[in-house]
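Listing of run.csv, CSV, C-alpha atoms and all ligand atoms
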chain,number,residue,atom,x,y,z
A,745,MET,CA,4.5,21.0,34.4
A,746,ASN,CA,7.0,21.4,31.6
A,747,GLU,CA,10.7,21.4,32.5
A,748,LYS,CA,12.6,24.5,31.4
A,749,VAL,CA,16.3,24.5,30.4
A,750,ARG,CA,18.8,27.0,29.0
A,751,CYS,CA,20.4,24.5,26.7
A,752,LEU,CA,18.9,21.2,25.4
A,753,ILE,CA,21.1,18.9,23.4
A,754,ILE,CA,19.4,16.2,21.3
A,755,GLY,CA,21.6,13.2,20.5
A,756,SER,CA,24.7,11.7,22.0
A,757,GLY,CA,27.5,11.1,19.4
A,758,PRO,CA,30.8,13.0,19.5
A,759,ALA,CA,28.9,16.2,18.5
A,760,GLY,CA,26.3,16.0,21.3
A,761,TYR,CA,28.8,15.0,24.0
A,762,THR,CA,31.3,17.7,23.0
A,763,ALA,CA,28.5,20.3,23.0
A,764,ALA,CA,27.6,19.1,26.5
A,765,ILE,CA,31.2,19.4,27.7
A,766,TYR,CA,31.4,23.0,26.4
A,767,ALA,CA,27.9,24.0,27.5
A,768,SER,CA,28.3,22.6,31.0
A,769,ARG,CA,31.7,24.3,31.4
A,770,ALA,CA,30.0,27.6,30.3
A,771,ASN,CA,27.4,27.1,33.1
A,772,LEU,CA,24.5,26.5,30.8
A,773,ALA,CA,23.4,23.5,32.8
A,774,PRO,CA,22.7,21.5,29.6
A,775,ILE,CA,20.3,18.5,29.5
A,776,LEU,CA,21.3,15.9,26.9
A,777,TYR,CA,18.9,13.3,25.6
A,778,GLU,CA,20.8,10.3,24.3
A,779,GLY,CA,18.3,9.2,21.6
A,780,ILE,CA,17.8,5.8,20.0
A,781,GLN,CA,21.5,4.8,19.9
A,782,PRO,CA,23.3,6.2,23.0
A,783,GLY,CA,26.8,7.1,22.0
A,784,GLY,CA,25.8,7.2,18.3
A,785,GLN,CA,27.3,5.5,15.3
A,786,LEU,CA,30.8,5.2,16.8
A,787,THR,CA,29.5,2.6,19.3
A,788,THR,CA,29.1,0.3,16.3
A,789,THR,CA,32.7,0.9,15.2
A,790,THR,CA,35.8,-1.1,16.1
A,791,GLU,CA,39.1,0.7,16.2
A,792,VAL,CA,39.1,4.5,15.8
A,793,GLU,CA,42.6,5.3,14.6
A,794,ASN,CA,42.1,8.9,13.4
A,795,PHE,CA,40.8,10.7,16.5
A,796,PRO,CA,43.6,13.0,17.6
A,797,GLY,CA,45.1,12.2,21.0
A,798,TYR,CA,45.0,8.4,20.8
A,799,PRO,CA,48.3,7.4,19.2
A,800,GLU,CA,47.5,3.7,19.7
A,801,GLY,CA,43.8,4.1,18.6
A,802,ILE,CA,40.7,3.5,20.8
A,803,THR,CA,37.5,1.6,20.3
A,804,GLY,CA,34.4,3.5,19.4
A,805,PRO,CA,32.5,2.6,22.5
A,806,GLU,CA,35.4,3.5,24.8
A,807,LEU,CA,35.8,6.9,23.1
A,808,MET,CA,32.1,7.6,23.5
A,809,GLU,CA,32.2,6.5,27.2
A,810,ASP,CA,35.2,8.9,27.8
A,811,LEU,CA,33.3,11.8,26.2
A,812,LYS,CA,30.2,11.0,28.2
A,813,LYS,CA,32.3,10.9,31.5
A,814,GLN,CA,33.9,14.2,30.6
A,815,ALA,CA,30.6,15.9,30.0
A,816,THR,CA,29.1,14.4,33.2
A,817,ARG,CA,32.2,15.6,35.2
A,818,PHE,CA,31.2,19.2,34.4
A,819,GLY,CA,27.6,18.7,35.4
A,820,ALA,CA,25.8,17.9,32.1
A,821,ASP,CA,22.6,16.1,32.8
A,822,ILE,CA,22.6,13.1,30.5
A,823,ARG,CA,19.3,11.2,30.1
A,824,ASN,CA,17.8,8.3,28.3
A,825,GLY,CA,15.0,9.4,26.0
A,826,ILE,CA,14.1,10.2,22.4
A,827,ALA,CA,13.0,13.5,21.0
A,828,THR,CA,9.7,12.7,19.2
A,829,SER,CA,8.6,16.1,18.1
A,830,VAL,CA,9.6,19.7,18.2
A,831,ASP,CA,8.1,23.2,18.0
A,832,PHE,CA,10.5,25.8,17.1
A,833,ASN,CA,7.9,28.4,16.1
A,834,CYS,CA,7.5,29.6,19.7
A,835,TYR,CA,9.6,30.9,22.5
A,836,PRO,CA,10.9,29.0,24.4
A,837,LYS,CA,11.4,26.2,21.9
A,838,LYS,CA,9.4,23.1,22.8
A,839,VAL,CA,10.8,19.5,22.5
A,840,THR,CA,8.7,16.5,23.3
A,841,ILE,CA,10.6,13.5,24.7
A,842,ASP,CA,9.2,10.0,24.3
A,843,GLY,CA,5.9,11.4,23.1
A,844,GLU,CA,5.0,12.8,26.5
A,845,LYS,CA,7.4,15.0,28.5
A,846,VAL,CA,7.8,18.5,27.1
A,847,ILE,CA,11.1,20.4,27.6
A,848,GLU,CA,11.1,24.1,27.1
A,849,ALA,CA,14.5,25.3,26.0
A,850,ASP,CA,16.1,28.7,25.4
A,851,THR,CA,18.5,27.0,23.0
A,852,VAL,CA,18.5,23.7,21.3
A,853,ILE,CA,21.6,21.9,19.9
A,854,ILE,CA,20.6,19.1,17.4
A,855,SER,CA,23.2,16.3,17.1
A,856,THR,CA,20.9,13.4,16.1
A,857,GLY,CA,23.4,12.1,13.6
A,858,ALA,CA,22.6,9.7,10.7
A,859,SER,CA,21.4,6.1,10.4
A,860,ALA,CA,22.5,3.2,8.2
A,861,LYS,CA,20.8,2.8,4.9
A,862,TYR,CA,19.2,-0.4,3.6
A,863,LEU,CA,18.8,-1.4,0.0
A,864,GLY,CA,15.0,-1.5,0.3
A,865,LEU,CA,14.6,-5.2,-0.5
A,866,PRO,CA,11.6,-6.9,1.1
A,867,ASP,CA,14.0,-9.7,2.1
A,868,GLU,CA,15.9,-7.3,4.3
A,869,ALA,CA,12.8,-7.0,6.5
A,870,LYS,CA,12.0,-10.7,6.2
A,871,TYR,CA,15.4,-11.7,7.5
A,872,ALA,CA,15.8,-8.9,10.0
A,873,GLY,CA,17.6,-10.4,13.0
A,874,MET,CA,18.0,-13.6,11.1
A,875,GLY,CA,21.2,-12.9,9.1
A,876,VAL,CA,20.7,-9.3,8.0
A,877,SER,CA,22.7,-6.6,9.8
A,878,ALA,CA,23.9,-3.0,9.2
A,879,CYS,CA,26.5,-3.3,11.9
A,880,ALA,CA,29.4,-5.7,11.6
A,881,THR,CA,30.8,-4.8,15.0
A,882,CYS,CA,27.5,-5.5,16.7
A,883,ASP,CA,26.8,-8.8,14.9
A,884,GLY,CA,30.0,-10.1,13.4
A,885,PHE,CA,30.6,-12.3,16.5
A,886,PHE,CA,27.7,-14.5,15.3
A,887,TYR,CA,29.5,-15.3,12.1
A,888,ARG,CA,32.8,-16.8,13.3
A,889,LYS,CA,34.1,-19.3,10.8
A,890,LYS,CA,31.0,-18.7,8.6
A,891,VAL,CA,30.6,-17.0,5.2
A,892,VAL,CA,29.2,-13.5,5.0
A,893,ALA,CA,28.5,-10.8,2.3
A,894,VAL,CA,29.0,-7.1,2.7
A,895,VAL,CA,27.3,-4.6,0.4
A,896,GLY,CA,29.0,-1.3,-0.5
A,897,GLY,CA,32.2,0.1,-1.8
A,898,GLY,CA,33.0,3.0,0.6
A,899,ASP,CA,35.2,3.2,3.6
A,900,THR,CA,32.5,1.7,5.8
A,901,ALA,CA,32.1,-1.3,3.6
A,902,CYS,CA,35.8,-1.9,3.4
A,903,GLU,CA,36.2,-1.5,7.2
A,904,GLU,CA,33.4,-3.9,7.9
A,905,ALA,CA,34.7,-6.4,5.4
A,906,ILE,CA,38.1,-6.3,7.0
A,907,TYR,CA,36.6,-6.6,10.5
A,908,LEU,CA,34.4,-9.6,9.4
A,909,ALA,CA,37.4,-11.2,7.7
A,910,GLY,CA,39.0,-11.5,11.1
A,911,LEU,CA,36.0,-13.6,12.3
A,912,ALA,CA,34.4,-15.3,9.3
A,913,SER,CA,35.9,-17.9,7.0
A,914,LYS,CA,35.1,-15.8,3.9
A,915,VAL,CA,33.7,-12.4,3.0
A,916,PHE,CA,32.1,-11.4,-0.3
A,917,LEU,CA,32.2,-7.7,-0.9
A,918,ILE,CA,29.4,-6.8,-3.3
A,919,VAL,CA,30.2,-3.6,-5.1
A,920,ARG,CA,27.8,-2.1,-7.7
A,921,LYS,CA,30.5,-0.2,-9.6
A,922,SER,CA,33.8,-1.4,-11.2
A,923,PHE,CA,35.8,0.3,-8.5
A,924,LEU,CA,35.8,0.9,-4.7
A,925,ARG,CA,35.0,4.4,-3.6
A,926,ALA,CA,36.9,3.9,-0.3
A,927,SER,CA,40.2,5.7,0.5
A,928,LYS,CA,43.3,4.2,-1.1
A,929,VAL,CA,44.6,2.7,2.2
A,930,MET,CA,41.3,0.9,2.8
A,931,GLN,CA,41.2,-0.4,-0.8
A,932,ASP,CA,44.7,-1.8,-0.5
A,933,ARG,CA,43.8,-3.5,2.8
A,934,VAL,CA,40.7,-5.1,1.2
A,935,MET,CA,42.5,-6.2,-1.9
A,936,ALA,CA,45.4,-7.7,0.1
A,937,ASN,CA,43.1,-9.7,2.4
A,938,GLU,CA,42.9,-13.3,1.2
A,939,LYS,CA,39.6,-13.9,2.9
A,940,ILE,CA,37.8,-11.1,1.0
A,941,GLU,CA,36.5,-11.7,-2.5
A,942,VAL,CA,35.3,-8.5,-4.2
A,943,LEU,CA,32.4,-8.9,-6.6
A,944,PHE,CA,32.6,-5.8,-8.8
A,945,GLU,CA,29.7,-4.6,-10.9
A,946,CYS,CA,27.3,-6.7,-8.9
A,947,ASN,CA,24.0,-6.0,-7.2
A,948,ALA,CA,22.3,-7.9,-4.4
A,949,VAL,CA,18.7,-8.3,-5.5
A,950,GLY,CA,17.3,-10.8,-3.0
A,951,LEU,CA,18.0,-13.2,-0.2
A,952,PHE,CA,17.1,-16.8,0.4
A,953,GLY,CA,17.0,-19.3,3.2
A,954,GLU,CA,14.7,-21.5,5.3
A,955,ASN,CA,15.2,-20.3,8.9
A,956,GLY,CA,17.5,-17.4,8.2
A,957,VAL,CA,19.8,-16.1,5.5
A,958,GLU,CA,21.4,-18.9,3.5
A,959,GLY,CA,22.4,-17.0,0.4
A,960,VAL,CA,22.2,-13.9,-1.8
A,961,HIS,CA,20.7,-13.6,-5.3
A,962,VAL,CA,23.3,-11.5,-7.2
A,963,VAL,CA,23.1,-9.9,-10.6
A,964,ARG,CA,26.3,-8.8,-12.4
A,965,HIS,CA,26.1,-6.0,-15.0
A,966,MET,CA,22.5,-5.4,-14.1
A,967,GLY,CA,20.4,-4.1,-17.0
A,968,GLU,CA,23.2,-4.6,-19.6
A,969,ALA,CA,23.5,-7.0,-22.5
A,970,ASN,CA,25.9,-9.2,-20.6
A,971,GLU,CA,23.7,-9.4,-17.5
A,972,GLU,CA,24.5,-12.5,-15.4
A,973,LYS,CA,22.5,-13.9,-12.5
A,974,PHE,CA,24.0,-16.1,-9.8
A,975,ASP,CA,23.6,-17.1,-6.2
A,976,ILE,CA,26.2,-17.0,-3.4
A,977,ALA,CA,25.8,-19.1,-0.3
A,978,VAL,CA,26.3,-16.9,2.9
A,979,ASP,CA,25.2,-17.0,6.5
A,980,GLY,CA,25.1,-13.3,7.0
A,981,PHE,CA,24.3,-10.2,4.9
A,982,PHE,CA,25.7,-6.9,6.0
A,983,LEU,CA,24.7,-3.5,4.6
A,984,ALA,CA,27.3,-0.7,4.4
A,985,ILE,CA,25.9,1.6,1.8
A,986,GLY,CA,25.9,4.9,3.6
A,987,HIS,CA,23.6,6.8,5.9
A,988,THR,CA,20.5,8.9,6.1
A,989,PRO,CA,20.4,12.0,8.4
A,990,ASN,CA,18.0,11.6,11.4
A,991,THR,CA,15.9,14.7,10.7
A,992,GLU,CA,12.4,13.4,10.4
A,993,ILE,CA,11.1,15.4,13.3
A,994,PHE,CA,12.6,18.6,12.0
A,995,LYS,CA,10.8,18.6,8.7
A,996,GLY,CA,8.7,21.8,8.4
A,997,GLN,CA,10.6,23.3,11.3
A,998,LEU,CA,14.1,23.8,9.8
A,999,ASN,CA,15.5,24.1,6.3
A,1000,LEU,CA,16.7,20.7,5.1
A,1001,ASP,CA,18.6,19.9,1.9
A,1002,SER,CA,17.2,17.4,-0.7
A,1003,VAL,CA,18.7,14.4,1.2
A,1004,GLY,CA,17.4,15.7,4.6
A,1005,TYR,CA,20.6,17.2,6.1
A,1006,ILE,CA,20.0,20.3,8.2
A,1007,ILE,CA,21.2,23.4,6.3
A,1008,THR,CA,23.3,25.6,8.5
A,1009,GLU,CA,25.1,28.9,7.7
A,1010,PRO,CA,28.4,28.0,5.9
A,1011,GLY,CA,31.1,27.2,8.4
A,1012,ARG,CA,28.7,27.8,11.4
A,1013,PRO,CA,26.2,25.6,13.3
A,1014,THR,CA,23.4,28.2,13.1
A,1015,THR,CA,20.2,27.1,11.5
A,1016,CYS,CA,17.3,29.2,10.1
A,1017,VAL,CA,15.8,29.4,13.6
A,1018,GLU,CA,17.4,31.7,16.1
A,1019,GLY,CA,18.7,29.7,19.1
A,1020,VAL,CA,18.6,26.4,17.3
A,1021,PHE,CA,22.0,24.9,16.3
A,1022,ALA,CA,23.0,21.8,14.4
A,1023,ALA,CA,26.2,19.8,14.9
A,1024,GLY,CA,27.8,16.7,13.6
A,1025,ASP,CA,26.6,14.3,10.8
A,1026,VAL,CA,23.0,15.6,10.9
A,1027,ALA,CA,24.3,18.7,9.2
A,1028,ASP,CA,27.3,17.3,7.4
A,1029,SER,CA,27.1,15.3,4.3
A,1030,ILE,CA,30.7,15.9,3.4
A,1031,TYR,CA,33.2,15.1,6.2
A,1032,ARG,CA,31.1,12.9,8.6
A,1033,GLN,CA,34.1,12.2,10.9
A,1034,ALA,CA,34.1,11.9,14.7
A,1035,ILE,CA,36.5,14.8,14.9
A,1036,THR,CA,34.5,17.1,12.7
A,1037,ALA,CA,31.4,16.2,14.6
A,1038,ALA,CA,33.1,17.0,17.9
A,1039,GLY,CA,34.4,20.3,16.4
A,1040,THR,CA,30.9,21.4,15.3
A,1041,GLY,CA,29.5,20.4,18.7
A,1042,CYS,CA,32.0,22.8,20.3
A,1043,GLN,CA,31.0,25.5,17.9
A,1044,ALA,CA,27.3,24.9,18.6
A,1045,ALA,CA,27.8,25.2,22.4
A,1046,ILE,CA,29.8,28.4,22.0
A,1047,GLU,CA,27.1,29.9,19.7
A,1048,ALA,CA,24.4,28.9,22.3
A,1049,GLU,CA,26.3,30.6,25.1
A,1050,ARG,CA,26.7,33.8,22.9
A,1051,TYR,CA,23.0,33.7,22.0
A,1052,LEU,CA,21.9,33.4,25.6
A,1053,SER,CA,24.2,36.2,26.8
A,1054,GLU,CA,23.2,38.5,23.9
A,1055,LYS,CA,19.5,38.0,24.7
A,1056,GLY,CA,20.2,38.3,28.5
A,1057,LEU,CA,18.7,34.8,29.1
B,1101,LIG,P1,29.8,6.3,1.2
B,1101,LIG,O1,28.7,7.1,0.8
B,1101,LIG,O2,31.2,6.8,1.1
B,1101,LIG,O3,29.8,4.9,0.3
B,1101,LIG,C1,28.6,4.2,0.1
B,1101,LIG,C2,28.9,3.0,-0.7
B,1101,LIG,O4,27.7,2.2,-0.8
B,1101,LIG,C3,29.3,3.4,-2.1
B,1101,LIG,O5,30.3,2.4,-2.6
B,1101,LIG,C4,28.0,3.3,-2.9
B,1101,LIG,O6,28.2,2.9,-4.2
B,1101,LIG,C5,27.3,2.1,-2.2
B,1101,LIG,N1,25.9,2.2,-2.3
B,1101,LIG,C6,25.0,3.2,-2.0
B,1101,LIG,N2,23.8,2.8,-2.3
B,1101,LIG,C7,23.8,1.6,-2.8
B,1101,LIG,C8,22.8,0.7,-3.3
B,1101,LIG,N3,21.5,1.0,-3.3
B,1101,LIG,N4,23.3,-0.5,-3.8
B,1101,LIG,C9,24.5,-0.8,-3.8
B,1101,LIG,N5,25.5,0.0,-3.3
B,1101,LIG,C10,25.2,1.2,-2.9
B,1101,LIG,O7,29.4,5.8,2.7
B,1101,LIG,P2,30.3,5.2,3.8
B,1101,LIG,O8,29.4,4.9,4.9
B,1101,LIG,O9,31.2,4.2,3.3
B,1101,LIG,O10,31.3,6.4,4.3
B,1101,LIG,C11,30.7,7.7,4.7
B,1101,LIG,C12,31.8,8.7,5.0
B,1101,LIG,O11,32.4,8.3,6.2
B,1101,LIG,C13,32.8,8.8,3.9
B,1101,LIG,O12,33.3,10.1,3.8
B,1101,LIG,C14,33.9,7.9,4.4
B,1101,LIG,O13,35.2,8.3,3.9
B,1101,LIG,C15,33.8,8.1,5.9
B,1101,LIG,N6,34.3,7.0,6.7
B,1101,LIG,C16,35.6,7.0,7.2
B,1101,LIG,C17,36.1,5.9,7.9
B,1101,LIG,C18,37.5,6.1,8.4
B,1101,LIG,O14,38.2,7.0,8.1
B,1101,LIG,N7,38.0,5.1,9.2
B,1101,LIG,C19,35.4,4.7,8.2
B,1101,LIG,C20,34.0,4.8,7.6
B,1101,LIG,C21,33.6,5.8,6.9
B,1101,LIG,P3,28.7,4.0,-5.3
B,1101,LIG,O15,30.1,4.1,-5.1
B,1101,LIG,O16,28.3,3.3,-6.6
B,1101,LIG,O17,27.9,5.2,-5.1
Show me this structure written as structure tokens.
Amino acid sequence: MNEKVRCLIIGSGPAGYTAAIYASRANLAPILYEGIQPGGQLTTTTEVENFPGYPEGITGPELMEDLKKQATRFGADIRNGIATSVDFNCYPKKVTIDGEKVIEADTVIISTGASAKYLGLPDEAKYAGMGVSACATCDGFFYRKKVVAVVGGGDTACEEAIYLAGLASKVFLIVRKSFLRASKVMQDRVMANEKIEVLFECNAVGLFGENGVEGVHVVRHMGEANEEKFDIAVDGFFLAIGHTPNTEIFKGQLNLDSVGYIITEPGRPTTCVEGVFAAGDVADSIYRQAITAAGTGCQAAIEAERYLSEKGL
């Protein structure tokens, strides 16, 4: 028999856990499925220095563990499992977990976040787990005193390059433009770090190596008259070029923008389907911060509670 809940939360980043804290304190007895990456993207981050309330900073995994404990304290039912399909064209909404178990929910809060992007090079797949990574915090340890490359010019790339510079002997930062897109403070930290060499106007076009990554084929000024090809010898290749929202299962069920982010009412977590709310990075291509995700998780839980009481559910 299908399980019936008043509030189902899909995803376990700051948005999902905050929604679970608010929903459980409002007596909605929420069930939260943690998804592929329990704790979300912050579990792959080192220091979080900008989450209010932690004057000395906190690690991403610790912050997520604290949020989870806080939600559990108020009775949220937090489970392992991945939502594999949804049907929002019926009442109650139906969400299938791990391809078999169906949960019927009066309200659904989607907080499935976003995933790291890859360049799409065949070599990324060829060397998966053999020197290619999209998470410096997870894999940096393997590159102590080695040479690594990071691709990207945003805050994530700079953060990862700085983190890796603390472990590796040298870090190449491969940036396709002539400037870094990252915030000024991160740019300054990168430029001041003697272990980091920034390769501006460069693209990584392939990898080479016998039993794992041994180097990157790089093209400078790609497609221009002064195009220049060269190789750099590295032991690890890290991607930090942004994220894709995790909305595959919501295609055809909810309105998504051209990139795939869930479209919500401006300033609110309400989607085009009554009783379905979206919170965190899955619906936010602009801010993408832990604190904004937590804020929208709170909004989603409050909206779910209001919806249930208005409908007398
Ligand atoms: P961004 O979208 O900000 O940056 C992506 C970077 O990758 C850009 O430099 C982009 O280049 C480059 N890129 C994208 N696609 C390719 C490609 N195919 N080949 C080569 N380079 C590519 O993503 P981030 O993940 O860095 O940051 C996302 C958001 O999270 C931002 O708002 C950021 O400020 C925030 N953030 C904040 C942190 C903090 O405050 N501690 C830490 C990490 C992230 P181009 O510039 O040419 O487009």
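All residues, whether protein, DNA or RNA, that have an atom at most 6 Å from ligand LIG 1101 (chain B) (counting all atoms listed in the file) are Leu863, Gly896, Gly897, Gly898, Asp899, Thr900, Ala901, Arg920, Lys921, Arg925, Ala984, Ile985, Gly986, Tyr1031 and Arg1032 of chain A.
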Handout entry: Spatial neighbours of Gly910 (chain A), max dist 9 Å, only C-alpha atoms, sep filter under 5 positions, as a PyMOL selection string
Key = chain A and resi 888+905+939
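Minimum atom-to-atom distance to Ile1006 (chain A), evaluated using only C-alpha atoms, belongs to A:Gly857 out of A:Gly857, A:Pro758, A:Gly797, A:Gly1056.
Take CA of Gly950 (chain A) and CA of Asp979 (chain A): the distance between them is 13.8 Å.
Omitting Gly843 (chain A) and its sequence neighbours fewer than 6 positions away, and counting all atoms listed in the file, the residues within 9 Å are A:Ile826, A:Ala827, A:Thr828, A:Ser829.
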Exercise: Gly864 (chain A) partners within 12 Å, only C-alpha atoms, chain neighbours under 5 positions left out, as a PDB file with C-alpha atoms, in the coordinates of the input:
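This went into part_7.pdb:
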ATOM      1  CA  ALA A 869      12.800  -7.000   6.500  1.00  0.00           C
ATOM      2  CA  LYS A 870      12.000 -10.700   6.200  1.00  0.00           C
ATOM      3  CA  ALA A 948      22.300  -7.900  -4.400  1.00  0.00           C
ATOM      4  CA  VAL A 949      18.700  -8.300  -5.500  1.00  0.00           C
ATOM      5  CA  GLY A 950      17.300 -10.800  -3.000  1.00  0.00           C
ATOM      6  CA  LEU A 983      24.700  -3.500   4.600  1.00  0.00           C
ATOM      7  CA  ILE A 985      25.900   1.600   1.800  1.00  0.00           C
TER       8      ILE A 985
END
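With CA of Val915 (chain A) on one side and CA of Ile802 (chain A) on the other, the separation reads 24.9 Å.
Of the listed residues (A:Gly980, A:Gly1039, A:Gly1011, A:Gly959), A:Gly980 comes nearest to Ala878 (chain A); the distances count all atoms listed in the file.
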Exercise for the section: Kindly extract all protein, DNA and RNA residues lying within 9 Å of the coordinates (21.1, -12.3, -4.1) given in the file, considering all atoms listed in the file, and supply them as a VMD selection string. Expected result: chain A and resid 947 to 952 959 to 963 973 to 976
Practice task
Measure the distance from CA of Lys838 (chain A) to CA of His987 (chain A) in Å and round it to one decimal.
Solution key: 27.4 Å
Problem - Selection near Ile940 (chain A), 8 Å with all atoms listed in the file, sequence-local residues under 5 positions removed, as a PyMOL selection string - result: chain A and resi 905-906+909+914-917+934-935
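Among the candidate residues A:Asn833, A:Thr856, A:Thr1008, A:Gln814, the one lying nearest to Ala759 (chain A) is A:Thr856, with distances computed using all atoms listed in the file.
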Exercise for the section: List the residues sitting within 12 Å of (17.9, 13.7, 29.1) in the file's frame, using only C-alpha atoms, as number ranges by chain. Expected result: A: 747, 749, 751-756, 760, 764, 773-779, 782, 816, 820-827, 839-842, 845-847
Handout entry: Non-local contacts of Ile1046 (chain A) (9 Å; all atoms listed in the file; under 4 positions in same chain excluded) as a PyMOL selection string
Key = chain A and resi 763+766-767+770+1041-1042+1050-1051
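Closest approach to Gly784 (chain A) from the set A:Val1026, A:Val929, A:Ile993, A:Cys902 is made by A:Val1026, with distances taken over only C-alpha atoms.
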Problem - Of the listed residues A:Ala880, A:Ile1030, A:Leu865, A:Ala1038, that which approaches Leu908 (chain A) most closely, counting only C-alpha atoms - result: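 Distance minimum relative to Leu908 (chain A) lands on A:Ala880.
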Fill in the blank from the handout: Of A:Ser877, A:Thr787, A:Ser859, A:Asn771, the one nearest to Gly1004 (chain A) when counting only C-alpha atoms is A:Ser859
With C-alpha atoms as the atom set, please write region 800-824 of chain A from the structure just given, as an mmCIF file, in the first residue's frame.
data_model
loop_
_atom_site.group_PDB
_atom_site.id
_atom_site.type_symbol
_atom_site.label_atom_id
_atom_site.label_comp_id
_atom_site.auth_asym_id
_atom_site.auth_seq_id
_atom_site.Cartn_x
_atom_site.Cartn_y
_atom_site.Cartn_z
ATOM 1 C CA GLU A 800 34.602 31.392 13.332
ATOM 2 C CA GLY A 801 33.146 29.595 10.293
ATOM 3 C CA ILE A 802 32.045 25.957 10.139
ATOM 4 C CA THR A 803 32.753 23.119 7.726
ATOM 5 C CA GLY A 804 30.028 22.280 5.192
ATOM 6 C CA PRO A 805 29.509 18.704 6.497
ATOM 7 C CA GLU A 806 29.228 19.921 10.118
ATOM 8 C CA LEU A 807 26.704 22.571 9.172
ATOM 9 C CA MET A 808 24.578 20.014 7.340
ATOM 10 C CA GLU A 809 24.828 17.543 10.230
ATOM 11 C CA ASP A 810 23.640 20.285 12.612
ATOM 12 C CA LEU A 811 20.691 21.137 10.359
ATOM 13 C CA LYS A 812 19.775 17.470 10.088
ATOM 14 C CA LYS A 813 19.927 17.012 13.883
ATOM 15 C CA GLN A 814 17.778 20.090 14.355
ATOM 16 C CA ALA A 815 15.135 18.731 11.962
ATOM 17 C CA THR A 816 15.230 15.289 13.605
ATOM 18 C CA ARG A 817 14.814 16.863 17.043
ATOM 19 C CA PHE A 818 11.352 18.091 16.030
ATOM 20 C CA GLY A 819 10.316 14.767 14.567
ATOM 21 C CA ALA A 820 11.133 15.061 10.857
ATOM 22 C CA ASP A 821 11.410 11.583 9.341
ATOM 23 C CA ILE A 822 14.654 11.700 7.368
ATOM 24 C CA ARG A 823 15.221 8.766 5.037
ATOM 25 C CA ASN A 824 17.683 7.503 2.472
#
